[in-house]
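**Q** Contents of coords.pdb (PDB, C-alpha atoms) are below:
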MODEL        1
ATOM      1  CA  MET A   1      99.904  89.883 116.840
ATOM      2  CA  ASN A   2      99.894  88.519 120.377
ATOM      3  CA  ARG A   3     103.411  88.161 121.763
ATOM      4  CA  ASP A   4     102.462  87.889 125.449
ATOM      5  CA  VAL A   5     104.422  85.422 127.559
ATOM      6  CA  LEU A   6     103.209  83.616 130.673
ATOM      7  CA  MET A   7     105.839  82.395 133.096
ATOM      8  CA  ILE A   8     104.596  79.923 135.712
ATOM      9  CA  SER A   9     107.085  79.658 138.534
ATOM     10  CA  THR A  10     107.535  79.540 142.273
ATOM     11  CA  MET A  11     111.151  80.670 141.995
ATOM     12  CA  GLU A  12     112.119  83.609 144.145
ATOM     13  CA  GLY A  13     113.021  86.507 141.877
ATOM     14  CA  ALA A  14     110.757  85.384 139.013
ATOM     15  CA  GLU A  15     109.476  88.956 138.630
ATOM     16  CA  ASN A  16     113.030  90.254 138.147
ATOM     17  CA  CYS A  17     113.670  87.563 135.571
ATOM     18  CA  ALA A  18     110.412  88.475 133.810
ATOM     19  CA  ARG A  19     111.348  92.186 133.699
ATOM     20  CA  ALA A  20     114.750  91.390 132.207
ATOM     21  CA  MET A  21     113.197  89.033 129.681
ATOM     22  CA  GLN A  22     110.509  91.551 128.780
ATOM     23  CA  GLU A  23     113.148  94.067 127.717
ATOM     24  CA  GLN A  24     115.175  91.494 125.781
ATOM     25  CA  VAL A  25     112.309  89.942 123.790
ATOM     26  CA  ASN A  26     110.104  93.040 123.472
ATOM     27  CA  ALA A  27     107.026  91.269 124.805
ATOM     28  CA  ARG A  28     104.790  91.532 127.843
ATOM     29  CA  VAL A  29     105.734  88.870 130.386
ATOM     30  CA  GLU A  30     103.272  87.907 133.099
ATOM     31  CA  VAL A  31     104.382  85.885 136.100
ATOM     32  CA  ALA A  32     101.978  83.422 137.673
ATOM     33  CA  VAL A  33     103.281  82.328 141.046
ATOM     34  CA  GLY A  34     102.313  78.687 141.437
ATOM     35  CA  LYS A  35     100.134  76.114 139.717
ATOM     36  CA  LYS A  36      96.757  77.612 140.552
ATOM     37  CA  ALA A  37      97.769  81.096 139.404
ATOM     38  CA  GLY A  38      99.028  79.600 136.145
ATOM     39  CA  LEU A  39      95.673  77.948 135.479
ATOM     40  CA  VAL A  40      93.823  81.170 136.295
ATOM     41  CA  ALA A  41      96.018  83.167 133.903
ATOM     42  CA  LEU A  42      95.437  80.688 131.066
ATOM     43  CA  ARG A  43      91.674  80.821 131.617
ATOM     44  CA  ARG A  44      91.771  84.609 131.551
ATOM     45  CA  GLU A  45      93.719  85.184 128.317
ATOM     46  CA  GLU A  46      95.773  83.706 125.503
ATOM     47  CA  PHE A  47      99.542  83.781 125.411
ATOM     48  CA  ALA A  48     102.091  83.325 122.642
ATOM     49  CA  VAL A  49     104.501  81.395 124.871
ATOM     50  CA  VAL A  50     103.933  79.573 128.163
ATOM     51  CA  VAL A  51     107.060  78.979 130.240
ATOM     52  CA  VAL A  52     106.707  76.456 133.055
ATOM     53  CA  GLU A  53     109.255  75.890 135.774
ATOM     54  CA  GLU A  54     110.520  72.333 135.295
ATOM     55  CA  SER A  55     110.222  71.402 138.972
ATOM     56  CA  LEU A  56     106.484  72.267 138.924
ATOM     57  CA  ALA A  57     105.893  70.145 135.835
ATOM     58  CA  GLU A  58     107.945  67.216 137.121
ATOM     59  CA  SER A  59     106.284  67.204 140.537
ATOM     60  CA  ASP A  60     102.761  67.096 139.044
ATOM     61  CA  PRO A  61     102.638  65.597 135.531
ATOM     62  CA  ALA A  62      98.814  65.691 135.437
ATOM     63  CA  TRP A  63      98.865  69.427 136.162
ATOM     64  CA  ALA A  64     101.549  69.930 133.502
ATOM     65  CA  ALA A  65      99.493  68.017 130.926
ATOM     66  CA  HIS A  66      96.497  70.188 131.801
ATOM     67  CA  ILE A  67      98.588  73.349 131.418
ATOM     68  CA  TRP A  68      99.799  72.261 127.957
ATOM     69  CA  GLU A  69      96.203  71.512 126.915
ATOM     70  CA  MET A  70      94.995  74.898 128.143
ATOM     71  CA  SER A  71      97.866  76.686 126.414
ATOM     72  CA  GLY A  72      96.087  76.420 123.079
ATOM     73  CA  LEU A  73      98.302  77.752 120.293
ATOM     74  CA  ALA A  74     100.975  79.020 122.678
ATOM     75  CA  MET A  75     104.468  77.613 122.306
ATOM     76  CA  PRO A  76     105.234  75.562 125.442
ATOM     77  CA  LEU A  77     108.593  75.827 127.193
ATOM     78  CA  GLN A  78     109.606  73.788 130.217
ATOM     79  CA  VAL A  79     112.670  75.350 131.814
ATOM     80  CA  ASN A  80     114.938  74.564 134.734
ATOM     81  CA  PHE A  81     115.354  78.027 136.242
ATOM     82  CA  ALA A  82     118.129  76.775 138.503
ATOM     83  CA  ILE A  83     120.474  76.327 135.532
ATOM     84  CA  SER A  84     118.989  78.803 133.039
ATOM     85  CA  GLY A  85     119.922  82.414 133.460
ATOM     86  CA  SER A  86     117.626  85.204 132.329
ATOM     87  CA  SER A  87     119.668  85.731 129.135
ATOM     88  CA  ARG A  88     119.365  82.077 128.137
ATOM     89  CA  LEU A  89     115.671  82.069 129.004
ATOM     90  CA  ALA A  90     115.159  85.228 126.936
ATOM     91  CA  ARG A  91     116.898  83.574 123.941
ATOM     92  CA  GLU A  92     114.673  80.500 124.261
ATOM     93  CA  VAL A  93     111.517  82.616 124.557
ATOM     94  CA  LYS A  94     112.560  84.751 121.573
ATOM     95  CA  ALA A  95     113.186  81.592 119.527
ATOM     96  CA  ALA A  96     109.761  80.240 120.553
ATOM     97  CA  LEU A  97     108.097  83.537 119.581
ATOM     98  CA  ASP A  98     109.869  83.481 116.218
ATOM     99  CA  ARG A  99     108.824  79.839 115.614
ATOM    100  CA  ARG A 100     105.233  80.705 116.491
ATOM    101  CA  ASP A 101     105.254  83.721 114.167
ATOM    102  CA  GLY A 102     106.650  81.550 111.379
ATOM    103  CA  ASP A 103     104.084  78.806 111.971
ATOM    104  CA  GLN A 104     101.265  81.350 111.911
ATOM    105  CA  ALA A 105     102.555  82.904 108.679
ATOM    106  CA  VAL A 106     102.647  79.479 107.031
ATOM    107  CA  ALA A 107      99.119  78.735 108.259
ATOM    108  CA  ARG A 108      97.823  82.086 106.966
ATOM    109  CA  ARG A 109      99.385  81.486 103.534
ATOM    110  CA  SER A 110      97.870  78.012 103.406
ATOM    111  CA  VAL A 111      94.394  79.304 104.269
ATOM    112  CA  ALA A 112      94.718  82.121 101.732
ATOM    113  CA  ARG A 113      95.790  79.639  99.030
ATOM    114  CA  ASP A 114      92.856  77.330  99.833
ATOM    115  CA  MET A 115      90.399  80.228  99.752
ATOM    116  CA  GLU A 116      91.877  81.498  96.492
ATOM    117  CA  ASN A 117      91.498  78.066  94.890
ATOM    118  CA  GLU A 118      87.875  77.802  96.043
ATOM    119  CA  LEU A 119      87.166  81.296  94.762
ATOM    120  CA  LYS A 120      88.762  80.529  91.386
ATOM    121  CA  SER A 121      86.644  77.406  91.079
ATOM    122  CA  SER A 122      83.446  79.325  91.916
ATOM    123  CA  VAL A 123      84.266  82.122  89.481
ATOM    124  CA  THR A 124      85.024  79.624  86.720
ATOM    125  CA  GLY A 125      81.707  77.891  87.378
ATOM    126  CA  LEU A 126      79.869  81.203  87.366
ATOM    127  CA  LEU A 127      81.520  82.218  84.103
ATOM    128  CA  LEU A 128      80.773  78.893  82.431
ATOM    129  CA  GLU A 129      77.147  78.783  83.556
ATOM    130  CA  SER A 130      76.592  82.384  82.454
ATOM    131  CA  GLU A 131      78.068  81.706  79.015
ATOM    132  CA  LEU A 132      75.942  78.560  78.646
ATOM    133  CA  ALA A 133      72.815  80.461  79.672
ATOM    134  CA  LEU A 134      73.507  83.074  76.986
ATOM    135  CA  ARG A 135      73.625  80.317  74.344
ATOM    136  CA  GLU A 136      70.148  79.079  75.262
ATOM    137  CA  PRO A 137      67.654  80.066  72.556
ATOM    138  CA  ALA A 138      64.844  80.439  75.101
ATOM    139  CA  VAL A 139      66.595  83.170  77.132
ATOM    140  CA  PRO A 140      64.346  86.248  77.127
ATOM    141  CA  LEU A 141      65.826  89.296  75.395
ATOM    142  CA  SER A 142      65.455  91.290  78.628
ATOM    143  CA  LEU A 143      67.865  88.905  80.443
ATOM    144  CA  GLN A 144      70.573  88.800  77.768
ATOM    145  CA  PRO A 145      72.260  92.134  78.704
ATOM    146  CA  LYS A 146      72.302  91.089  82.358
ATOM    147  CA  LEU A 147      73.819  87.712  81.530
ATOM    148  CA  ARG A 148      76.447  89.357  79.268
ATOM    149  CA  HIS A 149      77.287  91.740  82.133
ATOM    150  CA  LEU A 150      77.605  88.752  84.476
ATOM    151  CA  VAL A 151      79.990  87.080  81.992
ATOM    152  CA  VAL A 152      82.096  90.252  81.834
ATOM    153  CA  LEU A 153      82.209  90.630  85.640
ATOM    154  CA  ALA A 154      83.134  86.968  86.177
ATOM    155  CA  GLY A 155      85.837  87.245  83.495
ATOM    156  CA  LEU A 156      87.282  90.366  85.127
ATOM    157  CA  LEU A 157      87.293  88.680  88.516
ATOM    158  CA  ARG A 158      88.992  85.585  87.106
ATOM    159  CA  GLU A 159      91.645  87.766  85.427
ATOM    160  CA  ARG A 160      92.254  89.703  88.638
ATOM    161  CA  LEU A 161      92.666  86.455  90.607
ATOM    162  CA  ARG A 162      95.107  85.183  87.964
ATOM    163  CA  ARG A 163      97.200  88.406  88.085
ATOM    164  CA  GLU A 164      97.327  88.379  91.882
ATOM    165  CA  ALA A 165      98.361  84.701  91.892
ATOM    166  CA  GLU A 166     101.158  85.485  89.423
ATOM    167  CA  GLY A 167     102.241  88.444  91.546
ATOM    168  CA  LEU A 168     102.538  86.227  94.629
ATOM    169  CA  ALA A 169     104.494  83.522  92.819
TER     170      ALA A 169
ENDMDL
END
Taking this structure as input, can you express it in the form of structure tokens?

**A**
Amino acid sequence: MNRDVLMISTMEGAENCARAMQEQVNARVEVAVGKKAGLVALRREEFAVVVVEESLAESDPAWAAHIWEMSGLAMPLQVNFAISGSSRLAREVKAALDRRDGDQAVARRSVARDMENELKSSVTGLLLESELALREPAVPLSLQPKLRHLVVLAGLLRERLRREAEGLA
């Protein structure tokens, strides 16, 4: 899972702050010095968290809006480095990483649940149609074993989906 952090700043000592933060949050922290470097970094790769120096964002709101748009799924943080020490910044970045991880876990569970429901519906339809086809008097004898096998396979799949759903509940 991507836990890379981009810090966009013109603050002197940003690299030192990034090194300290990197150790505290156990994530790679890249420093982009200035607005243009920040845009280049966001075009080059995805980040889990994007930290922007407040003075840069306040001095150019259009640039800041563009940065937030380009950040994609990254958690945005706008920080005043003049009053935030590296420990406080590390806590905020760690909290943002944890929120992002939680949001992604919820999204994955939701997608899995939706896919499971669609799969259950398809399997039920397959089972029903196969059973109905077997009841047709005009079904050739050569197809009956294949249709019975299809009914058995669909039933097994439905049972497996049911057991796994119960196990997750």

**Q** Please enumerate the residues selected by the PyMOL selection byres ((chain A and resi 101) around 12) when evaluated against the supplied file, formatted as a PDB file with C-alpha atoms, keeping the file's coordinate frame.

**A**
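Just written: result_15.pdb:
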ATOM      1  CA  MET A   1      99.904  89.883 116.840  1.00  0.00           C
ATOM      2  CA  ASN A   2      99.894  88.519 120.377  1.00  0.00           C
ATOM      3  CA  ARG A   3     103.411  88.161 121.763  1.00  0.00           C
ATOM      4  CA  ALA A  48     102.091  83.325 122.642  1.00  0.00           C
ATOM      5  CA  VAL A  49     104.501  81.395 124.871  1.00  0.00           C
ATOM      6  CA  LEU A  73      98.302  77.752 120.293  1.00  0.00           C
ATOM      7  CA  ALA A  74     100.975  79.020 122.678  1.00  0.00           C
ATOM      8  CA  MET A  75     104.468  77.613 122.306  1.00  0.00           C
ATOM      9  CA  LYS A  94     112.560  84.751 121.573  1.00  0.00           C
ATOM     10  CA  ALA A  95     113.186  81.592 119.527  1.00  0.00           C
ATOM     11  CA  ALA A  96     109.761  80.240 120.553  1.00  0.00           C
ATOM     12  CA  LEU A  97     108.097  83.537 119.581  1.00  0.00           C
ATOM     13  CA  ASP A  98     109.869  83.481 116.218  1.00  0.00           C
ATOM     14  CA  ARG A  99     108.824  79.839 115.614  1.00  0.00           C
ATOM     15  CA  ARG A 100     105.233  80.705 116.491  1.00  0.00           C
ATOM     16  CA  GLY A 102     106.650  81.550 111.379  1.00  0.00           C
ATOM     17  CA  ASP A 103     104.084  78.806 111.971  1.00  0.00           C
ATOM     18  CA  GLN A 104     101.265  81.350 111.911  1.00  0.00           C
ATOM     19  CA  ALA A 105     102.555  82.904 108.679  1.00  0.00           C
ATOM     20  CA  VAL A 106     102.647  79.479 107.031  1.00  0.00           C
ATOM     21  CA  ALA A 107      99.119  78.735 108.259  1.00  0.00           C
ATOM     22  CA  ARG A 108      97.823  82.086 106.966  1.00  0.00           C
TER      23      ARG A 108
END

**Q** Near Glu131 in chain A, within 10 Å and counting all atoms listed in the file, which residues show up once chain neighbours fewer than 5 positions away are dropped, as a list in words?

**A**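 Using all atoms listed in the file, the neighbours found are Gly125, Leu126, Glu136, Leu147, Arg148, Leu150, Val151 and Val152 of chain A.
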
**Q** Between CA of Ala165 in chain A and CA of His149 in chain A, measure the distance and give it in Å to one decimal.

**A** 24.3 Å

**Q** Work out how far apart CA of Met70 in chain A and CA of Leu42 in chain A are and give it in Å to one decimal.

**A**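 CA of Leu42 in chain A lies at a distance of 6.5 Å from CA of Met70 in chain A.
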
**Q** Given only C-alpha atoms as the basis, pick out the residue of A:Met7, A:Ala138, A:Leu161, A:Ala133 nearest to Leu77 in chain A.

**A**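 So, comparing all the options, the nearest one is A:Met7.
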
**Q** Which residue is closest to Gly155 in chain A? Choose from A:Leu128, A:Ala62, A:Ala57, A:Val111 and count all atoms listed in the file.

**A**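 Selected residue with least distance to Gly155 in chain A: A:Leu128.
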
**Q** Do you have the CA of Arg135 in chain A-CA of Leu157 in chain A distance handy?

**A** 21.4 Å

**Q** A:Leu132, A:Leu141, A:Met11, A:Leu127: which is nearest Glu159 in chain A, counting all atoms listed in the file?

**A**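 Smallest separation from Glu159 in chain A among the options: A:Leu127.
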
**Q** For a quick check of understanding, using all atoms listed in the file, which of A:Leu153, A:Ala65, A:Val52, A:Val93 has the smallest distance to Arg28 in chain A?

**A**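 So, comparing all the options, the nearest one is A:Val93.
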
**Q** With a distance cut-off of 12 Å and all atoms listed in the file, select the neighbouring residues of Asn117 in chain A, excluding the residue or stretch itself and same-chain residues fewer than 4 positions from it, and output the selection as number ranges by chain.

**A** A: 110-113, 121-124, 158, 161-162, 165

**Q** Which is closer to Glu46 in chain A than all the others in A:Gly72, A:Gly13, A:Gly167, A:Gly34, using all atoms listed in the file?

**A**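 Of the candidates, the smallest distance to Glu46 in chain A is held by A:Gly72.
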
**Q** Ranking A:Val5, A:Glu166, A:Ala82, A:Arg88 by minimum distance to Ala41 in chain A and counting all atoms listed in the file, which one comes first?

**A** A:Val5

**Q** Might you spell out which residues the PyMOL selection byres ((chain A and resi 56) around 12) would select in the displayed file, as number ranges by chain?

**A** A: 7-11, 33-36, 38, 51-55, 57-65, 67, 78-81

**Q** Box time for range 83-101 of chain A: axis-aligned, enclosing all its listed atoms, 6 Å extra on each side; report centre and edge lengths in Å to one decimal, as AutoDock Vina command-line options.

**A**
--center_x 112.9 --center_y 81.0 --center_z 124.8 --size_x 27.2 --size_y 21.4 --size_z 33.4
